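Q: Structure: run.cif, mmCIF, C-alpha atoms.
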data_upload
loop_
_atom_site.group_PDB
_atom_site.id
_atom_site.type_symbol
_atom_site.label_atom_id
_atom_site.label_comp_id
_atom_site.auth_asym_id
_atom_site.auth_seq_id
_atom_site.Cartn_x
_atom_site.Cartn_y
_atom_site.Cartn_z
ATOM 1 C CA MET A 1 22.599 -60.602 -29.264
ATOM 2 C CA ILE A 2 25.557 -58.288 -29.740
ATOM 3 C CA MET A 3 25.484 -55.000 -27.665
ATOM 4 C CA SER A 4 26.960 -51.888 -29.227
ATOM 5 C CA ARG A 5 29.836 -50.277 -27.412
ATOM 6 C CA ASN A 6 27.922 -46.924 -27.496
ATOM 7 C CA GLN A 7 24.983 -48.271 -25.409
ATOM 8 C CA ARG A 8 25.559 -47.612 -21.728
ATOM 9 C CA GLY A 9 23.504 -46.777 -18.523
ATOM 10 C CA PHE A 10 23.428 -43.720 -16.270
ATOM 11 C CA THR A 11 26.453 -42.836 -14.317
ATOM 12 C CA LEU A 12 26.385 -42.505 -10.529
ATOM 13 C CA VAL A 13 26.681 -38.728 -10.820
ATOM 14 C CA GLU A 14 23.695 -38.520 -13.136
ATOM 15 C CA LEU A 15 21.587 -40.665 -10.808
ATOM 16 C CA THR A 16 22.598 -38.528 -7.855
ATOM 17 C CA VAL A 17 21.589 -35.355 -9.678
ATOM 18 C CA VAL A 18 18.198 -36.841 -10.634
ATOM 19 C CA VAL A 19 17.552 -37.984 -7.073
ATOM 20 C CA LEU A 20 18.437 -34.556 -5.693
ATOM 21 C CA LEU A 21 16.258 -32.753 -8.213
ATOM 22 C CA GLY A 22 13.364 -35.113 -7.470
ATOM 23 C CA ALA A 23 13.780 -34.561 -3.746
ATOM 24 C CA LEU A 24 13.703 -30.786 -4.269
ATOM 25 C CA VAL A 25 10.539 -31.043 -6.363
ATOM 26 C CA LEU A 26 8.846 -33.363 -3.838
ATOM 27 C CA GLY A 27 9.903 -31.069 -0.992
ATOM 28 C CA ALA A 28 8.374 -28.066 -2.743
ATOM 29 C CA VAL A 29 5.144 -29.973 -3.382
ATOM 30 C CA LEU A 30 5.056 -31.096 0.264
ATOM 31 C CA GLN A 31 5.487 -27.510 1.453
ATOM 32 C CA VAL A 32 2.569 -26.413 -0.731
ATOM 33 C CA LEU A 33 0.408 -29.223 0.646
ATOM 34 C CA ILE A 34 1.325 -28.346 4.250
ATOM 35 C CA SER A 35 0.607 -24.665 3.606
ATOM 36 C CA ASN A 36 -2.754 -25.508 2.026
ATOM 37 C CA GLN A 37 -3.608 -27.773 4.954
ATOM 38 C CA ARG A 38 -2.774 -25.035 7.474
ATOM 39 C CA THR A 39 -4.847 -22.521 5.528
ATOM 40 C CA TYR A 40 -7.794 -24.923 5.370
ATOM 41 C CA THR A 41 -7.514 -25.650 9.096
ATOM 42 C CA ALA A 42 -7.385 -21.944 9.933
ATOM 43 C CA GLN A 43 -10.373 -21.191 7.711
ATOM 44 C CA SER A 44 -12.357 -24.069 9.228
ATOM 45 C CA ALA A 45 -11.559 -22.796 12.715
ATOM 46 C CA ALA A 46 -12.597 -19.271 11.716
ATOM 47 C CA VAL A 47 -15.904 -20.530 10.315
ATOM 48 C CA GLN A 48 -16.484 -22.532 13.488
ATOM 49 C CA GLY A 49 -15.819 -19.419 15.576
ATOM 50 C CA GLN A 50 -18.232 -17.348 13.486
ATOM 51 C CA GLN A 51 -20.966 -19.948 13.769
ATOM 52 C CA SER A 52 -20.379 -20.305 17.501
ATOM 53 C CA SER A 53 -20.516 -16.562 18.199
ATOM 54 C CA ARG A 54 -23.671 -16.129 16.143
ATOM 55 C CA MET A 55 -25.342 -19.051 17.867
ATOM 56 C CA ALA A 56 -24.471 -17.543 21.247
ATOM 57 C CA VAL A 57 -26.022 -14.221 20.279
ATOM 58 C CA GLU A 58 -29.192 -15.907 18.998
ATOM 59 C CA VAL A 59 -29.605 -17.829 22.251
ATOM 60 C CA MET A 60 -29.136 -14.739 24.402
ATOM 61 C CA LEU A 61 -31.321 -12.593 22.130
ATOM 62 C CA ASN A 62 -34.229 -14.967 22.645
ATOM 63 C CA ASP A 63 -33.751 -14.882 26.410
ATOM 64 C CA LEU A 64 -32.611 -11.376 27.280
ATOM 65 C CA ARG A 65 -35.107 -9.451 25.169
ATOM 66 C CA GLU A 66 -37.818 -10.831 27.503
ATOM 67 C CA LEU A 67 -36.286 -8.964 30.447
ATOM 68 C CA SER A 68 -38.166 -6.256 32.272
ATOM 69 C CA PRO A 69 -35.391 -4.556 34.266
ATOM 70 C CA ALA A 70 -37.808 -2.024 35.758
ATOM 71 C CA ASP A 71 -39.689 -4.944 37.334
ATOM 72 C CA GLY A 72 -36.517 -6.461 38.778
ATOM 73 C CA ASP A 73 -35.721 -9.131 36.156
ATOM 74 C CA ILE A 74 -31.991 -8.334 36.393
ATOM 75 C CA LEU A 75 -30.862 -9.834 39.693
ATOM 76 C CA SER A 76 -27.167 -8.926 39.403
ATOM 77 C CA MET A 77 -24.870 -7.740 36.651
ATOM 78 C CA THR A 78 -21.175 -7.242 36.022
ATOM 79 C CA SER A 79 -19.083 -6.780 32.900
ATOM 80 C CA SER A 80 -18.491 -10.547 32.708
ATOM 81 C CA SER A 81 -21.637 -12.040 34.274
ATOM 82 C CA LEU A 82 -25.396 -11.499 34.082
ATOM 83 C CA HIS A 83 -27.893 -13.089 36.487
ATOM 84 C CA VAL A 84 -31.477 -12.721 35.269
ATOM 85 C CA ARG A 85 -35.020 -13.844 35.911
ATOM 86 C CA LEU A 86 -36.753 -15.179 32.775
ATOM 87 C CA MET A 87 -40.419 -15.954 32.262
ATOM 88 C CA ARG A 88 -40.954 -19.664 31.606
ATOM 89 C CA ARG A 89 -44.671 -20.049 32.372
ATOM 90 C CA PHE A 90 -47.623 -17.787 31.665
ATOM 91 C CA GLY A 91 -51.278 -17.880 32.576
ATOM 92 C CA ILE A 92 -54.429 -15.739 32.452
ATOM 93 C CA ALA A 93 -56.740 -15.564 35.456
ATOM 94 C CA CYS A 94 -60.264 -16.656 34.546
ATOM 95 C CA ASP A 95 -61.618 -16.802 38.098
ATOM 96 C CA VAL A 96 -60.353 -15.119 41.252
ATOM 97 C CA ASP A 97 -61.091 -15.762 44.920
ATOM 98 C CA ILE A 98 -58.973 -13.362 46.980
ATOM 99 C CA ASP A 99 -59.060 -13.498 50.765
ATOM 100 C CA PRO A 100 -56.418 -11.186 52.286
ATOM 101 C CA SER A 101 -56.623 -12.921 55.647
ATOM 102 C CA GLY A 102 -56.795 -16.507 54.426
ATOM 103 C CA SER A 103 -56.388 -18.749 51.413
ATOM 104 C CA SER A 104 -56.510 -17.101 47.990
ATOM 105 C CA THR A 105 -57.133 -19.102 44.816
ATOM 106 C CA ILE A 106 -56.595 -17.988 41.231
ATOM 107 C CA ARG A 107 -57.888 -20.172 38.416
ATOM 108 C CA VAL A 108 -55.864 -20.020 35.194
ATOM 109 C CA LEU A 109 -56.318 -21.646 31.811
ATOM 110 C CA ASP A 110 -54.135 -24.725 31.467
ATOM 111 C CA ASN A 111 -51.782 -23.992 28.591
ATOM 112 C CA PRO A 112 -49.734 -27.013 27.452
ATOM 113 C CA GLY A 113 -46.103 -26.561 28.460
ATOM 114 C CA ASP A 114 -46.931 -23.754 30.913
ATOM 115 C CA ASN A 115 -48.072 -25.920 33.813
ATOM 116 C CA PHE A 116 -47.599 -24.364 37.222
ATOM 117 C CA ALA A 117 -46.536 -26.549 40.138
ATOM 118 C CA ALA A 118 -46.595 -26.333 43.898
ATOM 119 C CA ALA A 119 -43.701 -24.318 45.363
ATOM 120 C CA ASP A 120 -43.377 -22.203 42.177
ATOM 121 C CA THR A 121 -42.785 -18.522 42.747
ATOM 122 C CA VAL A 122 -44.960 -16.405 40.469
ATOM 123 C CA PHE A 123 -45.790 -12.787 39.732
ATOM 124 C CA VAL A 124 -49.462 -11.831 39.628
ATOM 125 C CA PHE A 125 -50.518 -8.570 37.996
ATOM 126 C CA ALA A 126 -52.496 -6.468 40.457
ATOM 127 C CA GLU A 127 -54.760 -3.895 38.824
ATOM 128 C CA ASN A 128 -55.855 -2.493 42.187
ATOM 129 C CA ARG A 129 -58.053 0.493 41.178
ATOM 130 C CA PRO A 130 -58.994 -0.028 37.500
ATOM 131 C CA ALA A 131 -59.326 3.688 36.837
ATOM 132 C CA THR A 132 -55.816 4.422 38.155
ATOM 133 C CA GLY A 133 -52.710 3.326 36.281
ATOM 134 C CA SER A 134 -50.138 4.460 38.811
ATOM 135 C CA ASP A 135 -50.997 1.729 41.335
ATOM 136 C CA ASP A 136 -50.610 -1.249 38.959
ATOM 137 C CA VAL A 137 -47.938 -3.640 40.258
ATOM 138 C CA TRP A 138 -46.672 -7.199 39.920
ATOM 139 C CA LEU A 139 -47.176 -9.029 43.210
ATOM 140 C CA ARG A 140 -44.745 -11.794 44.055
ATOM 141 C CA ALA A 141 -46.440 -14.857 45.490
ATOM 142 C CA ARG A 142 -45.791 -18.542 46.081
ATOM 143 C CA VAL A 143 -48.006 -21.369 44.843
ATOM 144 C CA ALA A 144 -48.906 -23.601 47.799
ATOM 145 C CA ASP A 145 -50.952 -26.192 45.904
ATOM 146 C CA VAL A 146 -52.353 -26.899 42.414
ATOM 147 C CA ASP A 147 -55.689 -28.509 41.507
ATOM 148 C CA SER A 148 -55.735 -29.728 37.889
ATOM 149 C CA THR A 149 -59.270 -31.210 37.947
ATOM 150 C CA VAL A 150 -61.116 -27.947 37.235
ATOM 151 C CA THR A 151 -62.250 -26.233 34.038
ATOM 152 C CA CYS A 152 -62.734 -22.663 32.932
ATOM 153 C CA LEU A 153 -64.787 -21.516 29.926
ATOM 154 C CA GLY A 154 -65.087 -25.140 28.901
ATOM 155 C CA ARG A 155 -61.327 -25.640 28.831
ATOM 156 C CA PRO A 156 -58.947 -27.426 31.230
ATOM 157 C CA ALA A 157 -57.740 -25.110 33.973
ATOM 158 C CA LEU A 158 -55.621 -25.021 37.100
ATOM 159 C CA ASP A 159 -56.581 -23.730 40.523
ATOM 160 C CA LEU A 160 -53.512 -22.105 42.047
ATOM 161 C CA GLU A 161 -53.830 -21.925 45.808
ATOM 162 C CA MET A 162 -51.560 -19.123 46.919
ATOM 163 C CA ASP A 163 -49.465 -18.986 50.051
ATOM 164 C CA THR A 164 -50.663 -15.636 51.364
ATOM 165 C CA THR A 165 -48.341 -15.462 54.352
ATOM 166 C CA GLY A 166 -47.466 -11.813 54.802
ATOM 167 C CA GLY A 167 -50.649 -10.460 53.220
ATOM 168 C CA VAL A 168 -49.632 -10.414 49.557
ATOM 169 C CA PHE A 169 -53.085 -9.673 48.132
ATOM 170 C CA ALA A 170 -55.630 -7.001 48.938
ATOM 171 C CA SER A 171 -59.352 -7.754 48.616
ATOM 172 C CA ASP A 172 -59.749 -6.082 45.223
ATOM 173 C CA SER A 173 -56.197 -6.197 43.842
ATOM 174 C CA VAL A 174 -56.411 -9.004 41.258
ATOM 175 C CA TYR A 175 -59.132 -9.195 38.610
ATOM 176 C CA VAL A 176 -60.233 -11.715 35.987
ATOM 177 C CA GLY A 177 -57.904 -11.414 32.997
ATOM 178 C CA ALA A 178 -54.838 -10.670 35.113
ATOM 179 C CA PRO A 179 -51.631 -12.240 33.716
ATOM 180 C CA ILE A 180 -49.565 -14.547 35.896
ATOM 181 C CA ARG A 181 -45.884 -15.147 35.236
ATOM 182 C CA GLY A 182 -43.814 -18.081 36.404
ATOM 183 C CA TYR A 183 -40.071 -17.716 36.091
ATOM 184 C CA GLU A 184 -36.675 -19.338 36.431
ATOM 185 C CA THR A 185 -33.317 -17.684 37.046
ATOM 186 C CA TYR A 186 -30.174 -18.099 34.973
ATOM 187 C CA ARG A 187 -26.640 -16.778 35.046
ATOM 188 C CA TYR A 188 -24.663 -16.152 31.847
ATOM 189 C CA SER A 189 -20.896 -16.008 32.128
ATOM 190 C CA GLN A 190 -17.601 -17.204 30.699
ATOM 191 C CA ALA A 191 -16.378 -20.321 32.463
ATOM 192 C CA TYR A 192 -14.409 -23.500 31.973
ATOM 193 C CA TRP A 193 -16.741 -26.374 31.274
ATOM 194 C CA PHE A 194 -16.045 -29.311 33.573
ATOM 195 C CA THR A 195 -12.395 -30.393 33.194
ATOM 196 C CA THR A 196 -11.666 -28.792 29.830
ATOM 197 C CA ALA A 197 -8.989 -26.132 29.674
ATOM 198 C CA THR A 198 -11.042 -24.043 27.242
ATOM 199 C CA PRO A 199 -13.523 -21.361 28.322
ATOM 200 C CA TYR A 200 -17.095 -21.355 27.005
ATOM 201 C CA LEU A 201 -20.150 -19.164 27.251
ATOM 202 C CA VAL A 202 -22.187 -21.022 29.874
ATOM 203 C CA ARG A 203 -25.620 -20.775 31.458
ATOM 204 C CA GLN A 204 -26.297 -21.860 35.035
ATOM 205 C CA ASP A 205 -29.768 -22.711 36.325
ATOM 206 C CA ASN A 206 -30.668 -20.747 39.457
ATOM 207 C CA GLY A 207 -27.392 -18.882 39.074
ATOM 208 C CA THR A 208 -25.361 -21.527 40.911
ATOM 209 C CA GLY A 209 -26.135 -24.778 39.100
ATOM 210 C CA THR A 210 -23.933 -26.817 36.793
ATOM 211 C CA PRO A 211 -22.527 -24.581 34.021
ATOM 212 C CA TRP A 212 -23.791 -25.829 30.664
ATOM 213 C CA PRO A 213 -22.009 -24.616 27.530
ATOM 214 C CA ILE A 214 -23.962 -22.566 25.009
ATOM 215 C CA ALA A 215 -21.177 -21.622 22.619
ATOM 216 C CA GLY A 216 -17.428 -21.624 22.355
ATOM 217 C CA PRO A 217 -14.597 -21.939 22.720
ATOM 218 C CA LEU A 218 -14.044 -18.316 23.753
ATOM 219 C CA ARG A 219 -10.835 -16.373 24.029
ATOM 220 C CA PRO A 220 -9.068 -17.226 27.309
ATOM 221 C CA GLY A 221 -8.123 -14.830 30.069
ATOM 222 C CA GLY A 222 -11.625 -13.419 30.481
ATOM 223 C CA GLN A 223 -11.492 -11.806 27.028
ATOM 224 C CA GLY A 224 -14.277 -13.856 25.458
ATOM 225 C CA LEU A 225 -17.403 -12.229 26.929
ATOM 226 C CA ARG A 226 -18.324 -8.720 27.986
ATOM 227 C CA PHE A 227 -21.611 -7.060 28.937
ATOM 228 C CA ILE A 228 -22.181 -3.306 28.717
ATOM 229 C CA TYR A 229 -25.414 -1.926 30.201
ATOM 230 C CA ARG A 230 -27.039 1.290 28.992
ATOM 231 C CA ASP A 231 -30.031 3.321 30.134
ATOM 232 C CA ALA A 232 -32.803 4.867 28.032
ATOM 233 C CA LEU A 233 -30.456 7.680 26.928
ATOM 234 C CA GLY A 234 -27.705 5.291 25.873
ATOM 235 C CA ASN A 235 -25.454 6.081 28.828
ATOM 236 C CA VAL A 236 -23.585 3.301 30.629
ATOM 237 C CA THR A 237 -25.334 2.434 33.894
ATOM 238 C CA SER A 238 -24.655 0.169 36.868
ATOM 239 C CA THR A 239 -28.251 0.289 38.166
ATOM 240 C CA PRO A 240 -30.180 -2.857 37.151
ATOM 241 C CA THR A 241 -33.617 -1.183 37.080
ATOM 242 C CA ASP A 242 -32.317 1.524 34.709
ATOM 243 C CA VAL A 243 -31.078 -0.881 32.032
ATOM 244 C CA ARG A 244 -32.833 -0.552 28.685
ATOM 245 C CA GLN A 245 -30.147 -1.913 26.393
ATOM 246 C CA ILE A 246 -27.496 -4.591 26.823
ATOM 247 C CA GLU A 247 -24.453 -4.654 24.574
ATOM 248 C CA VAL A 248 -22.910 -8.117 24.317
ATOM 249 C CA ARG A 249 -19.369 -8.601 23.020
ATOM 250 C CA ILE A 250 -18.287 -12.140 22.175
ATOM 251 C CA ARG A 251 -14.746 -13.111 21.185
ATOM 252 C CA THR A 252 -14.256 -16.713 20.128
ATOM 253 C CA GLY A 253 -10.832 -18.334 20.071
ATOM 254 C CA ASN A 254 -9.822 -21.724 18.720
ATOM 255 C CA ARG A 255 -6.631 -23.437 19.851
ATOM 256 C CA VAL A 256 -5.980 -24.529 16.248
ATOM 257 C CA MET A 257 -3.131 -22.279 15.146
ATOM 258 C CA SER A 258 -3.104 -20.466 11.844
ATOM 259 C CA SER A 259 -0.197 -20.430 9.388
ATOM 260 C CA THR A 260 1.091 -17.234 11.030
ATOM 261 C CA GLY A 261 1.178 -18.830 14.468
ATOM 262 C CA GLU A 262 -1.692 -16.742 15.898
ATOM 263 C CA MET A 263 -4.877 -17.994 17.521
ATOM 264 C CA VAL A 264 -7.784 -18.230 15.074
ATOM 265 C CA SER A 265 -10.598 -16.063 16.443
ATOM 266 C CA ASP A 266 -13.755 -14.161 15.549
ATOM 267 C CA SER A 267 -15.666 -11.362 17.235
ATOM 268 C CA LEU A 268 -19.272 -10.233 17.289
ATOM 269 C CA ASP A 269 -21.070 -7.345 18.978
ATOM 270 C CA ALA A 270 -24.847 -7.356 19.488
ATOM 271 C CA TRP A 271 -27.292 -4.925 21.065
ATOM 272 C CA ILE A 272 -30.270 -6.337 22.953
ATOM 273 C CA HIS A 273 -33.197 -4.074 23.825
ATOM 274 C CA THR A 274 -35.202 -5.126 26.879
ATOM 275 C CA ARG A 275 -38.990 -4.946 27.260
ATOM 276 C CA ASN A 276 -38.822 -1.718 29.261
#
Taking this structure as input, can you express it in the form of structure tokens?
A:
Amino acid sequence: MIMSRNQRGFTLVELTVVVLLGALVLGAVLQVLISNQRTYTAQSAAVQGQQSSRMAVEVMLNDLRELSPADGDILSMTSSSLHVRLMRRFGIACDVDIDPSGSSTIRVLDNPGDNFAAADTVFVFAENRPATGSDDVWLRARVADVDSTVTCLGRPALDLEMDTTGGVFASDSVYVGAPIRGYETYRYSQAYWFTTATPYLVRQDNGTGTPWPIAGPLRPGGQGLRFIYRDALGNVTSTPTDVRQIEVRIRTGNRVMSSTGEMVSDSLDAWIHTRN
């Protein structure tokens, strides 16, 4: 086969130009891909922050709207921490045997999941004089023993033997139909969970137990959680029994950095109205 003199390959200069142009095109495409990846990461982090803050509000809404500050359900409160008493068990008295000087027993219907146990601290509603509303109070008492072998109105019941040390009950203070509340205490705050370097909204059993994360991560430096307490007129108050509304401000912050180099974050404000 005879090759024509006019048939020749690419010169070194032409190959160099093609390689350079290809590198520029690939570099531009790579920059677009990196930018898109950063945008996607930032958006994912923002969505995660929004979901986390909303979940935190839902959890606290379900808990804090049960509060009765006038009855002492707020144990302590600051702008960054809230220690509360929440009802976890409930019963209705169907038989009452009150002895102010000795053992008092209150029989309650046995509701599944609301079982009372010995050593529980409870609040018993004392009607006192039925025709007078001003003397109605919640009496704090301790359950000394529980008998689960009894019935009431044909249904399983519990006999709660009360520790009456200190004369908690008067002879005619508690009547059939009186509600009984069992409770647990929790503290909500912003804290670092175990060894992580990221703060979370946490809840502690009994106020001093192991902090368990509810939502997060939050913005560091104490900026992720704030409580504002208001009275019936909407004024800020520092008196627990005067609280009628709790404003909760949550600021989430993800360590994934956005394309502008700033922390990806979200914020949410919620207003919780207490029972009284």
Q: Quick one, how far is atom CA of Val96 of chain A from atom CA of Met162 of chain A?
A: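 Atom CA of Met162 of chain A lies 11.2 Å from atom CA of Val96 of chain A.
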Q: In Å to one decimal, how far is atom CA of Met55 of chain A from atom CA of Pro199 of chain A?
A: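 It comes out at 15.9 Å.
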Q: Kindly provide, as JSON, the centre and edge lengths (Å, one decimal) of an axis-aligned box around all atoms of segment 77-88 of chain A given in the file, with 6 Å on each side.
A:
{"center_x": -29.7, "center_y": -13.2, "center_z": 34.1, "size_x": 34.5, "size_y": 24.9, "size_z": 17.0}
Q: Report the distance between atom CA of Leu109 of chain A and atom CA of Pro156 of chain A in Å, rounded to one decimal place.
A: 6.4 Å
Q: Name the residues captured by the PyMOL selection byres ((chain A and resi 171) around 7) when it is applied to the shown file; answer as number ranges by chain.
A: A: 98-100, 169-170, 172-173
Q: Using all atoms listed in the file, give me every residue within 12 Å of (-35.1, -9.2, 23.1) in file coordinates, as a list in words.
A: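 Counting all atoms listed in the file, I find these residues within 12 Å of (-35.1, -9.2, 23.1): Val57, Glu58, Val59, Met60, Leu61, Asn62, Asp63, Leu64, Arg65, Glu66, Leu67, Ser68, Leu86, Arg244, Gln245, Ile246, Glu247, Ala270, Trp271, Ile272, His273, Thr274, Arg275 and Asn276 of chain A.
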Q: Need to verify the contact set: Thr78 of chain A, 10 Å, all atoms listed in the file, exclusion of same-chain residues closer than 5 positions in sequence. Can you return it as an mmCIF file with C-alpha atoms, in the coordinates of the input?
A:
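The result, written out as result_7.cif:
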data_model
loop_
_atom_site.group_PDB
_atom_site.id
_atom_site.type_symbol
_atom_site.label_atom_id
_atom_site.label_comp_id
_atom_site.auth_asym_id
_atom_site.auth_seq_id
_atom_site.Cartn_x
_atom_site.Cartn_y
_atom_site.Cartn_z
ATOM 1 C CA HIS A 83 -27.893 -13.089 36.487
ATOM 2 C CA SER A 189 -20.896 -16.008 32.128
ATOM 3 C CA ARG A 226 -18.324 -8.720 27.986
ATOM 4 C CA PHE A 227 -21.611 -7.060 28.937
ATOM 5 C CA ILE A 228 -22.181 -3.306 28.717
ATOM 6 C CA TYR A 229 -25.414 -1.926 30.201
ATOM 7 C CA SER A 238 -24.655 0.169 36.868
#
Q: Using all atoms listed in the file, find the one residue out of A:Pro179, A:Gly154, A:Gly133, A:Gly72 that sits nearest to Val108 of chain A.
A: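 Result for the nearest residue to Val108 of chain A: A:Pro179.
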Q: Show me, as a short mmCIF file (atom, residue, chain, number, x, y, z; two decimals) with C-alpha atoms, in the coordinates of the input, the residues that have an atom within 7 Å of Gly182 of chain A when counting all atoms listed in the file, minus same-chain residues fewer than 5 positions from it.
A:
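Heads up, here's the output in result_28.cif:
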data_model
loop_
_atom_site.label_atom_id
_atom_site.label_comp_id
_atom_site.auth_asym_id
_atom_site.auth_seq_id
_atom_site.Cartn_x
_atom_site.Cartn_y
_atom_site.Cartn_z
CA MET A 87 -40.42 -15.95 32.26
CA ARG A 88 -40.95 -19.66 31.61
CA ARG A 89 -44.67 -20.05 32.37
CA PHE A 90 -47.62 -17.79 31.66
CA THR A 121 -42.78 -18.52 42.75
CA VAL A 122 -44.96 -16.40 40.47
CA PHE A 123 -45.79 -12.79 39.73
#
Q: On this file, the PyMOL selection byres ((chain A and resi 127) around 9) gives some set of residues; write that set as a list in words.
A: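 Applied to this file, the PyMOL selection byres ((chain A and resi 127) around 9) selects Phe125, Ala126, Asn128, Arg129, Pro130, Thr132, Gly133, Asp135, Asp136, Val137, Trp138, Asp172, Ser173, Val174, Tyr175 and Ala178 of chain A.
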Q: Which residues, written as a PyMOL selection string, have at least one atom at most 9 Å from Asp110 of chain A, with all atoms listed in the file counted and residues fewer than 5 positions away on the same chain left out?
A: chain A and resi 91+115-116+148+151-152+155-158
Q: Output C-alpha atoms for every residue in the selection just made, as a PDB file, in the frame of the given file.
A:
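Written output follows (result27.pdb):
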ATOM      1  CA  GLY A  91     -51.278 -17.880  32.576  1.00  0.00           C
ATOM      2  CA  ASN A 115     -48.072 -25.920  33.813  1.00  0.00           C
ATOM      3  CA  PHE A 116     -47.599 -24.364  37.222  1.00  0.00           C
ATOM      4  CA  SER A 148     -55.735 -29.728  37.889  1.00  0.00           C
ATOM      5  CA  THR A 151     -62.250 -26.233  34.038  1.00  0.00           C
ATOM      6  CA  CYS A 152     -62.734 -22.663  32.932  1.00  0.00           C
ATOM      7  CA  ARG A 155     -61.327 -25.640  28.831  1.00  0.00           C
ATOM      8  CA  PRO A 156     -58.947 -27.426  31.230  1.00  0.00           C
ATOM      9  CA  ALA A 157     -57.740 -25.110  33.973  1.00  0.00           C
ATOM     10  CA  LEU A 158     -55.621 -25.021  37.100  1.00  0.00           C
TER      11      LEU A 158
END
